[in-house]
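*Asks:* I have a structure I would like to understand better, so I am pasting it below and will then ask my questions one at a time.
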6 protein chains.
Amino acid sequence: MYYHDKRLQYPVRVETPDPLFARQLQQAIGGIEGEIRVCLQYFFQAWGARGPTTKYRDMLLHTATEEIGHIEMLATAVALNLESAPLSLQETASESNPVVNAVMGGERPRHMVEGMLHKHLLSTGLAAFPGNSDGAPFDCSHVYASGNLAGDMFANVTAEATGRTLAVRLYNAAHDPGMKDMLSFLIARDTMHQQQWLAVIEELGGSAALPIPNSFDQSLEKQEFSYSFFGTDKDGTPPPAGRFTQGPSLDGKGQFSAVQAAPLGDEPVLGPARPSSGAQKEQM
Amino acid sequence: MYYHDKRLQYPVRVETPDPLFARQLQQAIGGIEGEIRVCLQYFFQAWGARGPTTKYRDMLLHTATEEIGHIEMLATAVALNLESAPLSLQETASESNPVVNAVMGGERPRHMVEGMLHKHLLSTGLAAFPGNSDGAPFDCSHVYASGNLAGDMFANVTAEATGRTLAVRLYNAAHDPGMKDMLSFLIARDTMHQQQWLAVIEELGGSAALPIPNSFDQSLEKQEFSYSFFGTDKDGTPPPAGRFTQGPSLDGKGQFSAVQAAPLGDEPVLGPARPSSGAQKEQM
Amino acid sequence: MYYHDKRLQYPVRVETPDPLFARQLQQAIGGIEGEIRVCLQYFFQAWGARGPTTKYRDMLLHTATEEIGHIEMLATAVALNLESAPLSLQETASESNPVVNAVMGGERPRHMVEGMLHKHLLSTGLAAFPGNSDGAPFDCSHVYASGNLAGDMFANVTAEATGRTLAVRLYNAAHDPGMKDMLSFLIARDTMHQQQWLAVIEELGGSAALPIPNSFDQSLEKQEFSYSFFGTDKDGTPPPAGRFTQGPSLDGKGQFSAVQAAPLGDEPVLGPARPSSGAQKEQM
Amino acid sequence: MYYHDKRLQYPVRVETPDPLFARQLQQAIGGIEGEIRVCLQYFFQAWGARGPTTKYRDMLLHTATEEIGHIEMLATAVALNLESAPLSLQETASESNPVVNAVMGGERPRHMVEGMLHKHLLSTGLAAFPGNSDGAPFDCSHVYASGNLAGDMFANVTAEATGRTLAVRLYNAAHDPGMKDMLSFLIARDTMHQQQWLAVIEELGGSAALPIPNSFDQSLEKQEFSYSFFGTDKDGTPPPAGRFTQGPSLDGKGQFSAVQAAPLGDEPVLGPARPSSGAQKEQM
Amino acid sequence: MYYHDKRLQYPVRVETPDPLFARQLQQAIGGIEGEIRVCLQYFFQAWGARGPTTKYRDMLLHTATEEIGHIEMLATAVALNLESAPLSLQETASESNPVVNAVMGGERPRHMVEGMLHKHLLSTGLAAFPGNSDGAPFDCSHVYASGNLAGDMFANVTAEATGRTLAVRLYNAAHDPGMKDMLSFLIARDTMHQQQWLAVIEELGGSAALPIPNSFDQSLEKQEFSYSFFGTDKDGTPPPAGRFTQGPSLDGKGQFSAVQAAPLGDEPVLGPARPSSGAQKEQM
Amino acid sequence: MYYHDKRLQYPVRVETPDPLFARQLQQAIGGIEGEIRVCLQYFFQAWGARGPTTKYRDMLLHTATEEIGHIEMLATAVALNLESAPLSLQETASESNPVVNAVMGGERPRHMVEGMLHKHLLSTGLAAFPGNSDGAPFDCSHVYASGNLAGDMFANVTAEATGRTLAVRLYNAAHDPGMKDMLSFLIARDTMHQQQWLAVIEELGGSAALPIPNSFDQSLEKQEFSYSFFGTDKDGTPPPAGRFTQGPSLDGKGQFSAVQAAPLGDEPVLGPARPSSGAQKEQM
């Protein structure tokens, strides 16, 4: 079960509120590279963890719990960036204009609204929501928890790699020192999280964990195709030479090669449509 | 641009059509671990590939093109497995019953329908569709192409790891020798595809590619938090010791440690709701 | 604006409630071939209709309004079919068992639940919902209203063609005389609706409406490719001969031919990744 | 920020694992009436809370944090119920059959698979996922946080009312004493949560909070229509008499009445389609 | 069944077309707070209404039917606001520029396009569609019809509270007198609809309807937790005192209290992964 | 199976990169009128094609394969249009400003970002993705493959009609000669594809293919309603006279007429809510 502290994991401050940056930050909350995703991903991996020890369940719970606090920081940052947003499309002086003008260097409210996410104005009352920078709600099909520990660790590295890439892009886009400071913390945490999932892969034996799942008897797969790069160039031009076309495979169980793909099967033949199946008569 | 051959990449044959297995195969077509996903993922990574050489664009095009053929094989397998499906809920002898009874060992049509995906009966006329085993259409937000080559390679390993795990589960569930044969080929290709993306990571320098993106100046991140595992246990019990709490980090740039998480920030304070913002008066 | 009459457009009666058929009927409510789709499609086409007369706006409003009544009939049919559904997974005699046993010929409640849509039991209290037979909610991106009248008419024929195909499949699956009667009415209306949209295409000039949109100056398109079937067979085997490879085109403006596809462009070259773009250093 | 304790908020035990009940429990995790929804809803309301005090932010954080533990309990219950699930469609004795047979009273594995959610077998490795009982992922558009405190409280009552209704239905469907015990706890918590949001509405002044938002000057609305029930019966039959057609309104600011609806506007006239707009020539 | 009148329920006029306001109005059509949602919600509640009288079915049909007319008004308003939208990104004088310039006070077409919803230009031909102001289609999972009358009434109050909040925000953003007039009518109707659902709750007995559902025997719930506010502060700081922590509960069946949350359960233990389940060997 | 050639089907060149046009082009990639949709639609129709000949399977494979190349062209065009996009919100001179200023005629970076799709900046690293111009991912429920050949051909005409309408709108919006050239090719291909599906309908017998499906015995439908236009005007004003209200039907099997709709059924009566169904007591 879970507990909270009202204070934030790391300070969040905004000197110059910017509704457009509020929009961009949403990607880090509810984008597929965002914090809701990793939070739920680590929780569901933990809650379904099977194995002789509870070590990885425990480890996942620590980091999943940390991620709630990251969503909280970003949601706070979004709300603070929205504080100067114009509430009207009118060009005349309005409630928000003086602030807007002072802060954003003369932007007309109308232009600021054009760049905003309309959900921020119309649906949340100038606050964050669990969706991305184009307004799409987060969809939990992106929570990867396959029941295979090694596969899940690669999914976690991926999540933190795309997450850190996003955080770096936000850092480069940001102009507010408070926002840059907050992002420099989140980038550091993404560094660690990339590292820790890779460390688990090492603990699982590194290449011995491959191919994933390693519990399937490889003699049952068509091994003549297990380490061959298939080229599909129409004219048979071979694929570019690389580590993936020659030398020992990374699991140490085969040798890479490159071969031109060719059909091993025939043209498929399906039975005719059946009388009650709703097809046209000509298909029967 | 692209070309086709009417023949299949590998033979697809079904001795005992099984509508329930047709349903399960859909996951390998339109599930997030399925072939539409990897096909589009490799294509979009190729089409957006930036860098001094076209090597990885080329490589990706080969494998993306191969994957279209995998979708084709699975779609054929679904259609063949549906050929005996009952079209009626009635208990009396019907068009399909004799076949059904002979094939499935006395299943009543009604029970077979209960296990089927209704889309197969009602929407496709006994054929495959681009969705998963619970009927949900494939949603292209699962196509990961981040513009960061190393991050994308990890995403590809993940896709092939979850893909091979799925194929193994289907192999274990299958009872038809033709289906087991087809899956043994697809499992082998998943083995190769896992290997080839890992080979690219090796070409990119392995740990030198970390942290992803490696183009961000790490002096700008809060490095005191870059290699620390944060424990969030309420009572301060430390996290389980592991490779992720001690020793050098996997990128060779730091030392892992474990620390108890604590708030570095304050309780956040948002401004009051503004008069025109649609909040309650009490919030203003 | 709109009015209602509490009576149904056509009688809906169910002699033998069948929760599995309730599930199948959902496809006709909230499937992409279903009634919510056509209802909203015709309304949005009407509400956005532009042109010198209001004739098509009027016509669309009549049929859109009729379709609300079809959703109502189907929703009523679903609720009636669910009246005997078991509410418990227990094997012992329960609240619903006697009815269930009498009606469904000895089905055990557990088996009936297995075939049901769980939403019917858990979320709606034995009533219909605006989703399909696999439980997915209707998604309004399927409401086609393009602003091009001819294109929309083809979309409407498509909707009624797939709609009538679905209704026929449901008719064939049904065992209850009341349900067959209701469906025979809905099938008749789908016949009419297919016809009426085709009649509008005839009014729009038939082939003179082509290609859609007919308001684009065809001299601006690359006309050498406007009536050529492109073959993509790897070995250059020509496509099957058909009406689409020879003779005058159906708009009377060209002659069909078949040609082998070949690249007219070069290999694309994208610029390198930019320094702040979050890519790997190796891509820059 | 947040902390965890490895122990569960309330005991979760399963005496007779039942994969079909595992499926039903998913609705309480990732259905729109489920725990992910309330958890995120309360968090986002808290993180965006504006007003002179932090009282409601604080209160929401307590309950949001509690809800994480409810998801955890249900995810654990799903995993435990899946422990006997068959992994094969084959009829012969298999790995799981003896357990299955002993536990479920002779169910054939095939039938058990028919009732299961295929994601449990194919995608999660016998564990829970953040989706509903028909396999659909939770979609965060269901997280209601409008920025209006009173409106959000009604949304919360609704969430807990549908949540408790769901929990009651699961209780009635369940046959395992451990599951009934767990649900009796969750039902009690839903009772409390309904009450506490209603208590906030009372604190906000009850009817003084109406109409929501109460910050809009009602003299700007067309008040002659603010307390009239509009009847839309085609023949003018009045609506059923009720509290909503007579007597003082519940906000004390008007008198209910019933009137027959009639058009106050004209038939709308849109401009013709413009030349470059992609419409047919006939629309211009 | 249903009927229509070609005239609008209330006049819709636009003096100064504004494509950006057209975008904002979409939220009131296809947003989760919008009119499609309430329309379908009241219809599905009506069509599934069970109980000794048809009173609430009747009442719901009246209001559902009224709501179709609201969608129609808003769709008309969107189309009228789009009439001056630029169809080109070019800066030079074009088909639409003179109007645009006259109307919008010198906006360059490019800037107007930037603020528009691209669907309006590219997919609808300057007309409304059933989606929200960020372009997302309406998704019918937001149609709440639970089969529990009291729960549904709270859902309806919520829908009208968020709907009126949205309408107020649009009123505040609007600059066109016609639009303000239309919105003042819709706001009034939202006032009435909030009131009427609250009136039904009063008819259902007010607090006697609680907890929802009131048909569950409360002796079966863990009543010691039914009226306790659980605090989850890490350091045991109690929650803020309020109506929800003390005094009689609002259903008159208990006394509120506040207690510190603590685990009542143990750390969960799941069985090891099974041999055929696709997990890693190390998990078995 | 499939092959590729690294060259493009048709040249793609961009003289003046325009991030806003990149956004608009996304609709042609991942919009419902776009190329991913037709590509997958033709593939799934081919892979599920049933009937005495393989003619239509073959034909569909040719065109489906061509469409992959269209996605590739558009994805390339998006990446090229994004090459000058600003990566920062700052107003000061930055990495990209000089180019931006030279190219776009003095746009400030901030304004350019406002019009962009944020996914292009934050998630793809200045490349295309499989979603539409408002950022929504393509959802494969739009892939129509019904198992009825005639119905599918109408769906294909619809797809190419809305596709060509979209391409024409993009052509009209474009300012870059390279983009206009590419679009003039794609428009020509849409012309052909409209024609070829209509040619198949002609081969299927034209009106003999109607009503779809033509395999249902029309004596089983309520034929008195099969050719009647139902008017739903409240006051009985007849629908506008047209080809759809008089003369022979287009399938030659009936005569059109217009009749006023009226209820043929009664007010529906559902049974009361059952004791364990989670309804309120008052509904039982």
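Ordering of the structure tokens sets the chain letters (A, B, ...), residue numbers begin anew at 1 in every chain, and ligands are numbered from 1 in the order given.
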Would you give me, as a PyMOL selection string, the residues of chain D that come within 6 Å of chain B, using only C-alpha atoms?
*Replies:* chain D and resi 3-5+50-51+87-90+114+122+135+147-148+213-215
*Asks:* Quick one: residues within 7 Å of Ile187 (chain B), only C-alpha atoms counted, chain neighbours fewer than 3 positions away excluded, as number ranges by chain?
*Replies:* A: 221; B: 164, 167, 183-184, 190-191
*Asks:* Show me, as an MDAnalysis selection string, the residues that have an atom within 12 Å of Phe185 (chain C) when counting only C-alpha atoms, minus same-chain residues fewer than 6 positions from it.
*Replies:* (chainID C and resid 9:12 70 73:74 164 167:168 171 178:179 191:192) or (chainID F and resid 218:227 264:265)
*Asks:* Using only N, CA and C atoms, please write the residues we just selected to a file, as a compact mmCIF listing (two decimals), in the first residue's frame.
*Replies:*
# COMPACT_ATOMS: atom_id res chain seq x y z
N GLN C 9 -40.59 1.93 -34.01
CA GLN C 9 -40.87 1.97 -35.44
C GLN C 9 -41.41 0.63 -35.92
N TYR C 10 -40.94 -0.46 -35.33
CA TYR C 10 -41.35 -1.80 -35.75
C TYR C 10 -41.32 -2.68 -34.49
N PRO C 11 -42.19 -3.67 -34.40
CA PRO C 11 -42.25 -4.47 -33.16
C PRO C 11 -40.94 -5.22 -32.88
N VAL C 12 -40.61 -5.28 -31.62
CA VAL C 12 -39.45 -6.04 -31.15
C VAL C 12 -39.91 -7.04 -30.11
N HIS C 70 -33.92 2.99 -35.27
CA HIS C 70 -33.32 1.67 -35.43
C HIS C 70 -32.40 1.34 -34.25
N MET C 73 -34.66 0.24 -31.51
CA MET C 73 -35.17 -1.12 -31.66
C MET C 73 -34.11 -2.14 -31.23
N LEU C 74 -32.90 -1.92 -31.67
CA LEU C 74 -31.85 -2.87 -31.36
C LEU C 74 -31.49 -2.85 -29.88
N ARG C 164 -26.11 -4.06 -44.27
CA ARG C 164 -27.02 -5.13 -44.68
C ARG C 164 -26.31 -6.49 -44.61
N ALA C 167 -26.56 -7.44 -41.07
CA ALA C 167 -27.93 -7.82 -40.70
C ALA C 167 -28.26 -9.22 -41.24
N VAL C 168 -27.77 -9.52 -42.42
CA VAL C 168 -27.98 -10.86 -42.98
C VAL C 168 -27.26 -11.91 -42.14
N TYR C 171 -29.27 -12.41 -39.10
CA TYR C 171 -30.48 -13.19 -39.44
C TYR C 171 -30.15 -14.67 -39.51
N GLY C 178 -38.98 -13.85 -33.27
CA GLY C 178 -39.14 -12.41 -33.12
C GLY C 178 -37.93 -11.66 -33.64
N MET C 179 -36.78 -12.20 -33.35
CA MET C 179 -35.55 -11.55 -33.81
C MET C 179 -35.43 -11.63 -35.34
N THR C 191 -31.88 -2.24 -47.67
CA THR C 191 -32.06 -2.29 -49.13
C THR C 191 -32.42 -0.91 -49.66
N MET C 192 -33.44 -0.31 -49.05
CA MET C 192 -33.88 1.01 -49.50
C MET C 192 -32.76 2.04 -49.39
N GLN F 218 -34.30 -12.39 -51.08
CA GLN F 218 -35.05 -11.17 -50.74
C GLN F 218 -36.47 -11.45 -50.29
N SER F 219 -36.98 -12.65 -50.57
CA SER F 219 -38.34 -12.95 -50.09
C SER F 219 -38.38 -13.01 -48.57
N LEU F 220 -37.20 -13.10 -47.93
CA LEU F 220 -37.15 -13.16 -46.47
C LEU F 220 -37.13 -11.77 -45.85
N GLU F 221 -36.92 -10.72 -46.66
CA GLU F 221 -36.99 -9.39 -46.07
C GLU F 221 -38.40 -8.83 -46.19
N LYS F 222 -38.73 -7.85 -45.39
CA LYS F 222 -40.07 -7.24 -45.42
C LYS F 222 -40.12 -6.33 -46.64
N GLN F 223 -40.49 -6.92 -47.76
CA GLN F 223 -40.29 -6.21 -49.02
C GLN F 223 -41.20 -4.98 -49.19
N GLU F 224 -42.25 -4.90 -48.39
CA GLU F 224 -43.09 -3.71 -48.51
C GLU F 224 -42.35 -2.45 -48.06
N PHE F 225 -41.23 -2.63 -47.40
CA PHE F 225 -40.46 -1.47 -46.94
C PHE F 225 -39.12 -1.32 -47.69
N SER F 226 -38.93 -2.15 -48.73
CA SER F 226 -37.60 -2.21 -49.36
C SER F 226 -37.32 -1.07 -50.32
N TYR F 227 -38.36 -0.40 -50.77
CA TYR F 227 -38.13 0.67 -51.76
C TYR F 227 -38.91 1.95 -51.41
N LEU F 264 -44.96 1.27 -36.02
CA LEU F 264 -45.61 -0.02 -36.25
C LEU F 264 -45.55 -0.86 -34.98
N GLY F 265 -44.77 -0.45 -34.04
CA GLY F 265 -44.61 -1.20 -32.80
C GLY F 265 -45.23 -0.45 -31.62
*Asks:* Measuring between only C-alpha atoms, which one of C:Ile29, C:Pro17, C:Gly252, C:Leu40 shows the shortest distance to Ser141 (chain C)?
*Replies:* C:Leu40
*Asks:* Determine which residues of region 72-274 of chain F receive a DSSP assignment of alpha helix (DSSP H), computed from the backbone, and state them as a count of residues only.
*Replies:* 82
*Asks:* Name all residues at most 10 Å from Leu204 (chain E) (count only C-alpha atoms; drop same-chain ones fewer than 4 positions away) and give them as an MDAnalysis selection string.
*Replies:* (chainID E and resid 149:150 198:200 208:210) or (chainID F and resid 280:282)
*Asks:* Output C-alpha atoms for every residue in that selection, as a PDB file, in the first residue's frame.
*Replies:*
ATOM      1  CA  LEU E 149     -31.022   4.780 -11.680  1.00  0.00           C
ATOM      2  CA  ALA E 150     -29.530   6.793  -8.819  1.00  0.00           C
ATOM      3  CA  LEU E 198     -31.205  16.475  -8.883  1.00  0.00           C
ATOM      4  CA  ALA E 199     -35.001  16.493  -8.659  1.00  0.00           C
ATOM      5  CA  VAL E 200     -35.068  12.817  -9.583  1.00  0.00           C
ATOM      6  CA  ALA E 208     -32.352   7.046   1.257  1.00  0.00           C
ATOM      7  CA  ALA E 209     -30.876   6.329  -2.145  1.00  0.00           C
ATOM      8  CA  LEU E 210     -27.468   5.982  -0.514  1.00  0.00           C
TER       9      LEU E 210
ATOM     10  CA  GLN F 280     -31.702   0.511  -6.879  1.00  0.00           C
ATOM     11  CA  LYS F 281     -34.395  -1.191  -4.793  1.00  0.00           C
ATOM     12  CA  GLU F 282     -36.985   1.076  -6.389  1.00  0.00           C
TER      13      GLU F 282
END
*Asks:* For each of C:Ile201, C:Leu60, C:Leu8, C:Ala145, take the minimum atom-to-atom distance to His120 (chain E), counting only C-alpha atoms, then give the residue where this is smallest.
*Replies:*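 That would be C:Ala145, the residue with the smallest distance to His120 (chain E).
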*Asks:* So which residues touch Met59 (chain F) within 8 Å, counting only C-alpha atoms, skipping near sequence neighbours fewer than 4 positions away, as a list in words?
*Replies:*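 That gives Pro239 and Pro240 of chain C; Lys55 and Thr63 of chain F.
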*Asks:* Next, dump the selected residues to file, keeping only C-alpha atoms, as a compact mmCIF listing (two decimals), in the first residue's frame.
*Replies:*
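Saved result, part_11.txt, follows:
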# COMPACT_ATOMS: atom_id res chain seq x y z
CA PRO C 239 -1.81 -8.21 -63.40
CA PRO C 240 -4.90 -10.27 -64.23
CA LYS F 55 -8.38 -12.75 -59.87
CA THR F 63 -2.54 -2.02 -55.69
*Asks:* How many Å separate CA of Val259 (chain E) from CA of Pro238 (chain E)?
*Replies:*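 One can read the CA of Val259 (chain E) to CA of Pro238 (chain E) distance as 7.7 Å.
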*Asks:* Find the distance between CA of Ala75 (chain E) and CA of Asp181 (chain E) and write it in Å to one decimal.
*Replies:*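 Taking CA of Ala75 (chain E) and CA of Asp181 (chain E), their separation equals 15.6 Å.
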*Asks:* List the spatial neighbours of Gly48 (chain F) as a ChimeraX atom specification - criterion: any atom at most 9 Å away, only C-alpha atoms, same-chain residues fewer than 5 positions off excluded.
*Replies:* /A:270 /B:75-76,78-79,124-129 /F:43,57,145,147
*Asks:* Between CA of Gln26 (chain B) and CA of Cys39 (chain A), what distance in Å does the model show, to one decimal?
*Replies:*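 Result for CA of Gln26 (chain B) versus CA of Cys39 (chain A): 28.5 Å, one decimal.
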